[in-house]
file protein01.pdb (PDB, C-alpha atoms (C1' of nucleotides))
ATOM      1  CA  MET A  14      12.229  -6.991  -1.242
ATOM      2  CA  SER A  15      15.088  -8.769   0.448
ATOM      3  CA  VAL A  16      13.406 -10.205   3.500
ATOM      4  CA  GLU A  17      10.311 -12.237   2.876
ATOM      5  CA  ALA A  18       7.251 -10.416   4.062
ATOM      6  CA  ARG A  19       3.816 -11.754   4.742
ATOM      7  CA  ARG A  20       2.012 -10.469   1.728
ATOM      8  CA  ASP A  21      -1.382  -8.963   1.915
ATOM      9  CA  VAL A  22      -3.735  -8.283  -0.976
ATOM     10  CA  PHE A  23      -4.286  -4.694   0.188
ATOM     11  CA  GLN A  24      -0.593  -4.061   0.126
ATOM     12  CA  ALA A  25      -0.234  -5.801  -3.215
ATOM     13  CA  ILE A  26      -2.729  -3.548  -4.952
ATOM     14  CA  ALA A  27      -1.314  -0.436  -3.312
ATOM     15  CA  ASP A  28       1.349  -0.180  -5.967
ATOM     16  CA  PRO A  29       0.123   1.417  -9.222
ATOM     17  CA  THR A  30       2.437  -0.701 -11.364
ATOM     18  CA  ARG A  31       1.019  -3.856  -9.844
ATOM     19  CA  ARG A  32      -2.516  -2.647 -10.531
ATOM     20  CA  GLN A  33      -1.487  -2.092 -14.138
ATOM     21  CA  ILE A  34      -0.046  -5.587 -14.299
ATOM     22  CA  ILE A  35      -3.284  -6.975 -12.929
ATOM     23  CA  ASN A  36      -5.234  -5.072 -15.536
ATOM     24  CA  LEU A  37      -2.943  -6.275 -18.278
ATOM     25  CA  ILE A  38      -3.258  -9.969 -17.525
ATOM     26  CA  ALA A  39      -6.879  -9.933 -16.389
ATOM     27  CA  TYR A  40      -8.118 -10.436 -19.909
ATOM     28  CA  GLN A  41      -5.366 -12.639 -21.217
ATOM     29  CA  SER A  42      -2.522 -14.580 -19.693
ATOM     30  CA  MET A  43       0.885 -13.360 -20.697
ATOM     31  CA  ASN A  44       4.411 -14.455 -20.158
ATOM     32  CA  LEU A  45       6.733 -12.277 -18.164
ATOM     33  CA  ASN A  46       8.557 -10.641 -21.042
ATOM     34  CA  ALA A  47       5.317  -9.720 -22.724
ATOM     35  CA  ILE A  48       4.190  -8.063 -19.503
ATOM     36  CA  ALA A  49       7.496  -6.273 -19.084
ATOM     37  CA  GLU A  50       7.251  -4.808 -22.588
ATOM     38  CA  ASN A  51       4.341  -2.714 -21.387
ATOM     39  CA  PHE A  52       6.392  -0.942 -18.761
ATOM     40  CA  SER A  53       9.344   1.350 -18.718
ATOM     41  CA  ILE A  54      10.852  -0.382 -15.716
ATOM     42  CA  SER A  55      13.274  -3.274 -16.105
ATOM     43  CA  ARG A  56      12.235  -6.891 -16.544
ATOM     44  CA  PRO A  57      13.587  -7.944 -13.122
ATOM     45  CA  ALA A  58      11.474  -5.199 -11.568
ATOM     46  CA  VAL A  59       8.400  -6.667 -13.227
ATOM     47  CA  SER A  60       9.512 -10.116 -12.133
ATOM     48  CA  GLN A  61       9.596  -8.924  -8.538
ATOM     49  CA  HIS A  62       6.145  -7.440  -8.835
ATOM     50  CA  ILE A  63       4.846 -10.713 -10.220
ATOM     51  CA  LYS A  64       6.438 -12.529  -7.295
ATOM     52  CA  ILE A  65       4.559 -10.303  -4.860
ATOM     53  CA  LEU A  66       1.307 -10.822  -6.738
ATOM     54  CA  MET A  67       1.939 -14.572  -6.612
ATOM     55  CA  GLU A  68       2.627 -14.532  -2.904
ATOM     56  CA  CYS A  69      -0.778 -13.100  -2.167
ATOM     57  CA  GLY A  70      -2.549 -15.299  -4.690
ATOM     58  CA  ILE A  71      -3.560 -12.672  -7.235
ATOM     59  CA  VAL A  72      -1.366 -14.151  -9.918
ATOM     60  CA  LEU A  73      -0.818 -17.781 -10.749
ATOM     61  CA  VAL A  74       2.183 -18.719 -12.821
ATOM     62  CA  ARG A  75       2.311 -21.783 -14.990
ATOM     63  CA  GLN A  76       5.508 -22.868 -16.652
ATOM     64  CA  GLU A  77       5.288 -23.687 -20.338
ATOM     65  CA  GLY A  78       8.718 -24.706 -21.482
ATOM     66  CA  ARG A  79      10.995 -21.820 -20.737
ATOM     67  CA  GLU A  80       8.134 -19.395 -20.569
ATOM     68  CA  ARG A  81       6.043 -18.605 -17.528
ATOM     69  CA  TYR A  82       2.494 -17.610 -18.194
ATOM     70  CA  CYS A  83       0.986 -15.295 -15.646
ATOM     71  CA  GLU A  84      -2.678 -15.749 -15.034
ATOM     72  CA  ALA A  85      -4.753 -13.449 -12.881
ATOM     73  CA  LYS A  86      -6.724 -15.163 -10.133
ATOM     74  CA  LEU A  87      -9.000 -12.247  -9.489
ATOM     75  CA  ASP A  88     -11.247 -13.928  -6.956
ATOM     76  CA  THR A  89      -8.525 -12.966  -4.492
ATOM     77  CA  LEU A  90      -9.874  -9.444  -4.880
ATOM     78  CA  LYS A  91     -13.034 -10.623  -3.136
ATOM     79  CA  GLU A  92     -11.265  -9.827   0.104
ATOM     80  CA  VAL A  93     -10.967  -6.210  -0.961
ATOM     81  CA  SER A  94     -14.488  -6.153  -2.304
ATOM     82  CA  ASN A  95     -15.891  -7.525   0.926
ATOM     83  CA  TRP A  96     -13.965  -5.042   2.988
ATOM     84  CA  VAL A  97     -15.197  -2.094   0.962
ATOM     85  CA  ASP A  98     -18.743  -3.399   0.791
ATOM     86  CA  GLN A  99     -19.175  -3.296   4.547
ATOM     87  CA  TYR A 100     -18.967   0.498   4.286
ATOM     88  CA  ARG A 101     -21.253   0.848   1.291
ATOM     89  CA  GLN A 102     -24.168   1.889   3.507
ATOM     90  CA  PHE A 103     -22.150   4.891   4.625
ATOM     91  CA  TRP A 104     -22.015   6.400   1.188
ATOM     92  CA  ASN A 105     -25.353   5.141  -0.048
ATOM     93  CA  THR A 106     -27.307   6.705   2.762
ATOM     94  CA  GLN A 107     -26.838  10.367   3.513
ATOM     95  CA  PHE A 108     -26.057   9.537   7.090
ATOM     96  CA  ASP A 109     -23.469  11.938   8.381
ATOM     97  CA  SER A 110     -21.976  10.346  11.435
ATOM     98  CA  LEU A 111     -20.324  13.523  12.703
ATOM     99  CA  ASP A 112     -23.435  15.634  12.341
ATOM    100  CA  HIS A 113     -25.375  12.894  13.999
ATOM    101  CA  TYR A 114     -22.961  12.826  16.851
ATOM    102  CA  LEU A 115     -22.794  16.580  17.255
ATOM    103  CA  ASN A 116     -26.557  16.933  17.136
ATOM    104  CA  ARG A 117     -26.777  14.494  19.969
ATOM    105  CA  ILE A 118     -24.349  16.254  22.251
ATOM    106  CA  GLN A 119     -25.317  19.824  21.444
ATOM    107  CA  ASN A 120     -28.580  21.111  20.094
ATOM    108  CA  ASN A 121     -27.197  24.348  18.727
ATOM    109  CA  ASN A 122     -27.973  25.315  15.186
ATOM    110  CA  GLN A 123     -25.235  24.396  12.758
ATOM    111  CA  SER A 124     -24.510  26.208   9.548
ATOM    112  CA  ASP A 125     -24.582  23.988   6.489
ATOM    113  CA  GLN A 126     -21.240  23.912   4.752
TER     114      GLN A 126
ATOM    115  CA  MET B  28       6.412  10.773   6.395
ATOM    116  CA  SER B  29       8.745  13.705   6.140
ATOM    117  CA  VAL B  30       8.305  14.682   2.524
ATOM    118  CA  GLU B  31       4.760  15.220   1.396
ATOM    119  CA  ALA B  32       3.705  12.458  -0.913
ATOM    120  CA  ARG B  33       0.824  12.406  -3.307
ATOM    121  CA  ARG B  34      -1.571  10.236  -1.393
ATOM    122  CA  ASP B  35      -3.592   7.573  -2.995
ATOM    123  CA  VAL B  36      -6.573   5.767  -1.504
ATOM    124  CA  PHE B  37      -5.105   2.370  -2.417
ATOM    125  CA  GLN B  38      -1.955   3.205  -0.556
ATOM    126  CA  ALA B  39      -3.918   4.607   2.352
ATOM    127  CA  ILE B  40      -5.863   1.393   2.934
ATOM    128  CA  ALA B  41      -2.780  -0.748   2.468
ATOM    129  CA  ASP B  42      -1.803  -0.256   6.070
ATOM    130  CA  PRO B  43      -3.705  -2.504   8.494
ATOM    131  CA  THR B  44      -3.661   0.108  11.250
ATOM    132  CA  ARG B  45      -5.294   2.620   8.942
ATOM    133  CA  ARG B  46      -7.960   0.091   8.003
ATOM    134  CA  GLN B  47      -8.649  -0.387  11.707
ATOM    135  CA  ILE B  48      -8.904   3.354  12.186
ATOM    136  CA  ILE B  49     -11.380   3.552   9.324
ATOM    137  CA  ASN B  50     -13.434   0.790  10.884
ATOM    138  CA  LEU B  51     -13.350   2.508  14.253
ATOM    139  CA  ILE B  52     -14.657   5.845  13.077
ATOM    140  CA  ALA B  53     -16.992   4.560  10.383
ATOM    141  CA  TYR B  54     -19.841   4.212  12.849
ATOM    142  CA  GLN B  55     -19.126   7.191  15.034
ATOM    143  CA  SER B  56     -16.858  10.199  14.840
ATOM    144  CA  MET B  57     -14.150  10.215  17.454
ATOM    145  CA  ASN B  58     -11.489  12.616  18.547
ATOM    146  CA  LEU B  59      -7.879  11.689  18.120
ATOM    147  CA  ASN B  60      -7.161  10.590  21.646
ATOM    148  CA  ALA B  61     -10.182   8.330  21.674
ATOM    149  CA  ILE B  62      -8.917   6.713  18.493
ATOM    150  CA  ALA B  63      -5.412   6.360  19.866
ATOM    151  CA  GLU B  64      -6.707   4.564  22.944
ATOM    152  CA  ASN B  65      -7.651   1.665  20.733
ATOM    153  CA  PHE B  66      -4.110   1.086  19.570
ATOM    154  CA  SER B  67      -0.843   0.096  21.144
ATOM    155  CA  ILE B  68       1.109   2.582  19.055
ATOM    156  CA  SER B  69       1.720   6.106  20.274
ATOM    157  CA  ARG B  70      -0.691   9.000  19.823
ATOM    158  CA  PRO B  71       1.580  10.829  17.362
ATOM    159  CA  ALA B  72       1.698   7.671  15.265
ATOM    160  CA  VAL B  73      -2.102   7.671  15.119
ATOM    161  CA  SER B  74      -2.026  11.386  14.334
ATOM    162  CA  GLN B  75       0.194  10.687  11.352
ATOM    163  CA  HIS B  76      -2.120   7.958  10.126
ATOM    164  CA  ILE B  77      -5.053  10.335  10.403
ATOM    165  CA  LYS B  78      -3.104  12.884   8.416
ATOM    166  CA  ILE B  79      -2.603  10.393   5.609
ATOM    167  CA  LEU B  80      -6.266   9.453   5.676
ATOM    168  CA  MET B  81      -7.144  13.140   5.495
ATOM    169  CA  GLU B  82      -4.840  13.744   2.571
ATOM    170  CA  CYS B  83      -6.640  11.216   0.464
ATOM    171  CA  GLY B  84     -10.069  12.295   1.617
ATOM    172  CA  ILE B  85     -11.075   9.249   3.639
ATOM    173  CA  VAL B  86     -11.163  11.173   6.885
ATOM    174  CA  LEU B  87     -12.492  14.642   7.511
ATOM    175  CA  VAL B  88     -11.442  16.426  10.663
ATOM    176  CA  ARG B  89     -13.544  19.083  12.317
ATOM    177  CA  GLN B  90     -12.210  21.098  15.180
ATOM    178  CA  GLU B  91     -14.425  21.414  18.230
ATOM    179  CA  GLY B  92     -12.634  23.544  20.765
ATOM    180  CA  ARG B  93      -9.364  21.833  21.459
ATOM    181  CA  GLU B  94     -10.609  18.521  20.194
ATOM    182  CA  ARG B  95     -10.551  17.297  16.615
ATOM    183  CA  TYR B  96     -13.303  14.981  15.624
ATOM    184  CA  CYS B  97     -12.426  12.544  12.893
ATOM    185  CA  GLU B  98     -15.244  11.652  10.581
ATOM    186  CA  ALA B  99     -14.987   8.944   7.944
ATOM    187  CA  LYS B 100     -15.908  10.041   4.444
ATOM    188  CA  LEU B 101     -16.312   6.565   3.111
ATOM    189  CA  ASP B 102     -17.545   7.480  -0.337
ATOM    190  CA  THR B 103     -13.853   7.888  -1.132
ATOM    191  CA  LEU B 104     -13.764   4.110  -1.061
ATOM    192  CA  LYS B 105     -15.897   4.151  -4.199
ATOM    193  CA  GLU B 106     -12.677   4.434  -6.126
ATOM    194  CA  VAL B 107     -11.548   1.111  -4.686
ATOM    195  CA  SER B 108     -14.968  -0.407  -5.160
ATOM    196  CA  ASN B 109     -15.072   0.634  -8.797
ATOM    197  CA  TRP B 110     -11.630  -0.710  -9.443
ATOM    198  CA  VAL B 111     -12.412  -4.087  -7.948
ATOM    199  CA  ASP B 112     -15.808  -4.263  -9.599
ATOM    200  CA  GLN B 113     -14.365  -4.157 -13.087
ATOM    201  CA  TYR B 114     -12.868  -7.566 -12.375
ATOM    202  CA  ARG B 115     -15.943  -9.073 -10.809
ATOM    203  CA  GLN B 116     -16.845 -10.923 -13.994
ATOM    204  CA  PHE B 117     -13.560 -12.793 -13.742
ATOM    205  CA  TRP B 118     -14.462 -14.471 -10.524
ATOM    206  CA  ASN B 119     -18.179 -14.726 -11.123
ATOM    207  CA  THR B 120     -17.825 -16.655 -14.348
ATOM    208  CA  GLN B 121     -15.646 -19.705 -14.463
ATOM    209  CA  PHE B 122     -13.630 -18.171 -17.264
ATOM    210  CA  ASP B 123     -10.060 -19.346 -17.064
ATOM    211  CA  SER B 124      -8.031 -16.885 -19.033
ATOM    212  CA  LEU B 125      -4.886 -19.007 -19.139
ATOM    213  CA  ASP B 126      -6.648 -22.096 -20.423
ATOM    214  CA  HIS B 127      -8.483 -19.931 -22.867
ATOM    215  CA  TYR B 128      -5.279 -18.412 -24.099
ATOM    216  CA  LEU B 129      -3.433 -21.693 -24.357
ATOM    217  CA  ASN B 130      -6.284 -23.319 -26.173
ATOM    218  CA  ARG B 131      -6.258 -20.550 -28.709
ATOM    219  CA  ILE B 132      -2.583 -20.646 -29.505
ATOM    220  CA  GLN B 133      -1.947 -24.378 -29.238
ATOM    221  CA  ASN B 134      -4.941 -26.417 -30.174
ATOM    222  CA  ASN B 135      -7.717 -25.515 -32.462
ATOM    223  CA  ASN B 136     -10.523 -27.289 -30.680
ATOM    224  CA  GLN B 137     -12.285 -24.978 -28.315
ATOM    225  CA  SER B 138     -15.026 -27.175 -27.026
ATOM    226  CA  ASP B 139     -15.443 -25.456 -23.706
ATOM    227  CA  GLN B 140     -18.334 -23.096 -23.189
TER     228      GLN B 140
ATOM    229  C1'  DA C  22      -2.800  32.721  36.564
ATOM    230  C1'  DT C  23      -1.601  28.132  36.650
ATOM    231  C1'  DT C  24      -2.192  23.614  35.332
ATOM    232  C1'  DA C  25      -4.140  19.976  32.611
ATOM    233  C1'  DT C  26      -5.723  18.370  28.190
ATOM    234  C1'  DA C  27      -5.787  17.671  23.148
ATOM    235  C1'  DT C  28      -3.198  17.845  19.560
ATOM    236  C1'  DG C  29       0.459  18.959  15.718
ATOM    237  C1'  DT C  30       5.017  18.547  14.312
ATOM    238  C1'  DA C  31       9.972  17.937  14.101
ATOM    239  C1'  DA C  32      13.925  14.880  14.356
ATOM    240  C1'  DG C  33      15.750  10.493  14.302
ATOM    241  C1'  DC C  34      15.749   5.649  13.118
ATOM    242  C1'  DA C  35      15.077   0.822  11.558
ATOM    243  C1'  DA C  36      12.764  -1.536   8.203
ATOM    244  C1'  DA C  37      10.453  -1.932   3.913
ATOM    245  C1'  DT C  38       9.941  -0.664  -0.893
ATOM    246  C1'  DA C  39      10.956  -0.151  -5.678
ATOM    247  C1'  DC C  40      14.145   0.047  -8.452
ATOM    248  C1'  DT C  41      18.836  -0.935 -10.857
ATOM    249  C1'  DT C  42      22.774  -3.900 -12.899
ATOM    250  C1'  DA C  43      25.074  -8.225 -13.012
ATOM    251  C1'  DC C  44      24.900 -12.801 -13.257
ATOM    252  C1'  DG C  45      23.310 -17.666 -13.675
ATOM    253  C1'  DC C  46      20.677 -21.303 -15.717
ATOM    254  C1'  DA C  47      17.449 -24.058 -18.284
ATOM    255  C1'  DA C  48      14.872 -24.483 -22.572
ATOM    256  C1'  DA C  49      14.620 -23.452 -27.393
ATOM    257  C1'  DT C  50      16.804 -22.372 -31.659
ATOM    258  C1'  DT C  51      20.476 -22.451 -34.883
TER     259       DT C  51
ATOM    260  C1'  DA D  25      27.640 -27.779 -30.007
ATOM    261  C1'  DA D  26      26.938 -23.048 -29.785
ATOM    262  C1'  DT D  27      23.882 -19.359 -29.245
ATOM    263  C1'  DT D  28      19.731 -17.130 -28.105
ATOM    264  C1'  DT D  29      15.735 -16.560 -25.277
ATOM    265  C1'  DG D  30      13.061 -16.316 -20.969
ATOM    266  C1'  DC D  31      13.480 -15.887 -16.568
ATOM    267  C1'  DG D  32      14.981 -15.902 -11.328
ATOM    268  C1'  DT D  33      17.810 -13.955  -8.062
ATOM    269  C1'  DA D  34      21.481 -11.561  -5.651
ATOM    270  C1'  DA D  35      23.555  -7.258  -4.354
ATOM    271  C1'  DG D  36      23.412  -2.485  -4.053
ATOM    272  C1'  DT D  37      20.908   1.928  -3.473
ATOM    273  C1'  DA D  38      17.765   5.855  -2.924
ATOM    274  C1'  DT D  39      13.470   6.724  -1.115
ATOM    275  C1'  DT D  40       9.483   5.870   1.658
ATOM    276  C1'  DT D  41       7.231   4.129   5.611
ATOM    277  C1'  DG D  42       5.904   3.607  10.360
ATOM    278  C1'  DC D  43       7.288   4.306  14.415
ATOM    279  C1'  DT D  44       9.479   6.672  18.515
ATOM    280  C1'  DT D  45      10.557  10.689  21.834
ATOM    281  C1'  DA D  46      10.683  15.509  22.564
ATOM    282  C1'  DC D  47       8.732  19.668  22.235
ATOM    283  C1'  DA D  48       5.370  23.447  20.909
ATOM    284  C1'  DT D  49       0.730  25.438  21.057
ATOM    285  C1'  DA D  50      -3.997  26.259  21.786
ATOM    286  C1'  DT D  51      -7.978  25.485  24.587
ATOM    287  C1'  DA D  52     -10.250  24.182  28.913
ATOM    288  C1'  DA D  53     -10.427  23.579  33.766
ATOM    289  C1'  DT D  54      -8.909  24.848  38.349
TER     290       DT D  54
END
call {"tool": "encode", "arguments": {"input": "protein01.pdb", "output": "structure tokens"}}
result
Amino acid sequence: MSVEARRDVFQAIADPTRRQIINLIAYQSMNLNAIAENFSISRPAVSQHIKILMECGIVLVRQEGRERYCEAKLDTLKEVSNWVDQYRQFWNTQFDSLDHYLNRIQNNNQSDQ
Amino acid sequence: MSVEARRDVFQAIADPTRRQIINLIAYQSMNLNAIAENFSISRPAVSQHIKILMECGIVLVRQEGRERYCEAKLDTLKEVSNWVDQYRQFWNTQFDSLDHYLNRIQNNNQSDQ
DNA sequence: ATTATATGTAAGCAAATACTTACGCAAATT
DNA sequence: AATTTGCGTAAGTATTTGCTTACATATAAT
């Protein structure tokens, strides 16, 4: 976390702690200490996770006095949703691309699994 | 990649190369060399990515002679889809959780919808 | 039988990741 | 004014990641 990396929403949600943070603040904004209370890791660790979530736009932080309220901007997850959705047809239909392919190149009978 | 890690679909799709591999084989099964041809990284590097995708069930490999055909099992992505979908209401409605929260604890007039 | 092809895997490495503790600072409280 | 609270950030570290090259092995082609 030393060098600044170009954050990506896919990478941001890869970490289970960050997904938990997202879940925690999805329903209600919380300040950083309140978030950190829900985890066994240290407050700075949570702070760093929040920073990553900010950098890819999932979390928006608004300062209120000395507190910083973390708000989830979940429309950022649209990018993930859109990516997954393009493959929805592949699990909705029973289309088996390998079987399809193999049937094309060889007409031998294949045992069902 | 030395020690075996407990693979997770969120972590698997975090890597852009792996997302490209998924996209490549979603429409047609391909053997490993054919996949590797589409990338500038080495064949072993692709092999390792495939291994990760296998370990979390996104890719299924079937041996055909000396070739290994990689088939995408995209229903594994349901897990991602389900996770994202639980937050869909938060970007479909105009609900601003921070404003909501602040209005509750500071003022008493909640005139918004 | 020899060679070419398709692939896995090990070893090594630089960079990234996820944490920790220590510290600093501004805002609130006393 | 002094202290407490909320937080960022730096430095250090162990582990993981993503890659490379080198090598091993099984199958296919010659």
call {"tool": "resolve_selection", "arguments": {"input": "protein01.pdb", "expression": "the PyMOL selection byres ((chain A) within 12 of (chain C))", "output": "VMD selection string"}}
result
chain A and resid 14 to 19 24 to 25 27 to 31 53 to 62 65 76 to 81
call {"tool": "closest_atom_pairs", "arguments": {"input": "protein01.pdb", "of": "chain A", "to": "chain B", "cutoff": "9 Å", "atoms": "only C-alpha atoms", "output": "tab-separated table"}}
result
residue	atom	partner	partner_atom	distance
A:Asp21	CA	B:Ala41	CA	8.4
A:Val22	CA	B:Ala41	CA	8.3
A:Phe23	CA	B:Ala41	CA	4.8
A:Gln24	CA	B:Ala41	CA	4.6
A:Ala25	CA	B:Ala41	CA	8.0
A:Ile26	CA	B:Phe37	CA	6.9
A:Ala27	CA	B:Gln38	CA	4.6
A:Asp28	CA	B:Gln38	CA	7.2
A:Pro29	CA	B:Phe37	CA	8.6
A:Asn36	CA	B:Tyr114	CA	8.6
A:Ile38	CA	B:Ser124	CA	8.5
A:Ala39	CA	B:Ser124	CA	7.5
A:Tyr40	CA	B:Ser124	CA	6.5
A:Gln41	CA	B:Ser124	CA	5.5
A:Ser42	CA	B:Leu125	CA	5.0
A:Met43	CA	B:Leu125	CA	8.2
A:Arg75	CA	B:Leu125	CA	8.8
A:Tyr82	CA	B:Leu125	CA	7.6
A:Cys83	CA	B:Leu125	CA	7.8
A:Glu84	CA	B:Leu125	CA	5.7
A:Ala85	CA	B:Ser124	CA	7.8
A:Lys86	CA	B:Trp118	CA	7.8
A:Leu87	CA	B:Trp118	CA	6.0
A:Asp88	CA	B:Trp118	CA	4.8
A:Thr89	CA	B:Trp118	CA	8.6
A:Leu90	CA	B:Val111	CA	6.7
A:Lys91	CA	B:Val111	CA	8.1
A:Val93	CA	B:Val111	CA	7.4
A:Ser94	CA	B:Val111	CA	6.4
A:Val97	CA	B:Ser108	CA	6.4
A:Asp98	CA	B:Ser108	CA	7.7
A:Tyr100	CA	B:Leu101	CA	6.7
A:Arg101	CA	B:Asp102	CA	7.8
A:Phe103	CA	B:Leu101	CA	6.3
A:Trp104	CA	B:Asp102	CA	4.8
A:Asn105	CA	B:Asp102	CA	8.2
A:Asp109	CA	B:Glu98	CA	8.5
A:Ser110	CA	B:Gln55	CA	5.6
A:Leu111	CA	B:Ser56	CA	5.3
A:Asp112	CA	B:Ser56	CA	8.9
A:His113	CA	B:Gln55	CA	8.5
A:Tyr114	CA	B:Ser56	CA	6.9
call {"tool": "write_last_selection", "arguments": {"input": "protein01.pdb", "atoms": "C-alpha atoms", "output": "short mmCIF file (atom, residue, chain, number, x, y, z; two decimals), in the coordinates of the input"}}
result
data_model
loop_
_atom_site.label_atom_id
_atom_site.label_comp_id
_atom_site.auth_asym_id
_atom_site.auth_seq_id
_atom_site.Cartn_x
_atom_site.Cartn_y
_atom_site.Cartn_z
CA ASP A 21 -1.38 -8.96 1.92
CA VAL A 22 -3.74 -8.28 -0.98
CA PHE A 23 -4.29 -4.69 0.19
CA GLN A 24 -0.59 -4.06 0.13
CA ALA A 25 -0.23 -5.80 -3.22
CA ILE A 26 -2.73 -3.55 -4.95
CA ALA A 27 -1.31 -0.44 -3.31
CA ASP A 28 1.35 -0.18 -5.97
CA PRO A 29 0.12 1.42 -9.22
CA ASN A 36 -5.23 -5.07 -15.54
CA ILE A 38 -3.26 -9.97 -17.52
CA ALA A 39 -6.88 -9.93 -16.39
CA TYR A 40 -8.12 -10.44 -19.91
CA GLN A 41 -5.37 -12.64 -21.22
CA SER A 42 -2.52 -14.58 -19.69
CA MET A 43 0.88 -13.36 -20.70
CA ARG A 75 2.31 -21.78 -14.99
CA TYR A 82 2.49 -17.61 -18.19
CA CYS A 83 0.99 -15.30 -15.65
CA GLU A 84 -2.68 -15.75 -15.03
CA ALA A 85 -4.75 -13.45 -12.88
CA LYS A 86 -6.72 -15.16 -10.13
CA LEU A 87 -9.00 -12.25 -9.49
CA ASP A 88 -11.25 -13.93 -6.96
CA THR A 89 -8.52 -12.97 -4.49
CA LEU A 90 -9.87 -9.44 -4.88
CA LYS A 91 -13.03 -10.62 -3.14
CA VAL A 93 -10.97 -6.21 -0.96
CA SER A 94 -14.49 -6.15 -2.30
CA VAL A 97 -15.20 -2.09 0.96
CA ASP A 98 -18.74 -3.40 0.79
CA TYR A 100 -18.97 0.50 4.29
CA ARG A 101 -21.25 0.85 1.29
CA PHE A 103 -22.15 4.89 4.62
CA TRP A 104 -22.02 6.40 1.19
CA ASN A 105 -25.35 5.14 -0.05
CA ASP A 109 -23.47 11.94 8.38
CA SER A 110 -21.98 10.35 11.44
CA LEU A 111 -20.32 13.52 12.70
CA ASP A 112 -23.44 15.63 12.34
CA HIS A 113 -25.38 12.89 14.00
CA TYR A 114 -22.96 12.83 16.85
#
call {"tool": "closest_atom_pairs", "arguments": {"input": "protein01.pdb", "of": "chain D", "to": "chain A", "cutoff": "9 Å", "atoms": "all atoms listed in the file", "output": "CSV"}}
result
residue,atom,partner,partner_atom,distance
D:DT29,C1',A:Arg79,CA,8.4
D:DG30,C1',A:Glu80,CA,5.8
D:DC31,C1',A:Glu80,CA,7.5
D:DG32,C1',A:Ser60,CA,8.0
D:DT33,C1',A:Pro57,CA,8.9
call {"tool": "atom_distance", "arguments": {"input": "protein01.pdb", "atom1": "atom C1' of DG36 of chain D", "atom2": "atom CA of Ile34 of chain A"}}
result
25.8 Å
call {"tool": "atom_distance", "arguments": {"input": "protein01.pdb", "atom1": "atom CA of Ile77 of chain B", "atom2": "atom CA of Leu51 of chain B"}}
result
12.0 Å
call {"tool": "atom_distance", "arguments": {"input": "protein01.pdb", "atom1": "atom C1' of DT51 of chain D", "atom2": "atom CA of Ala61 of chain B"}}
result
17.5 Å
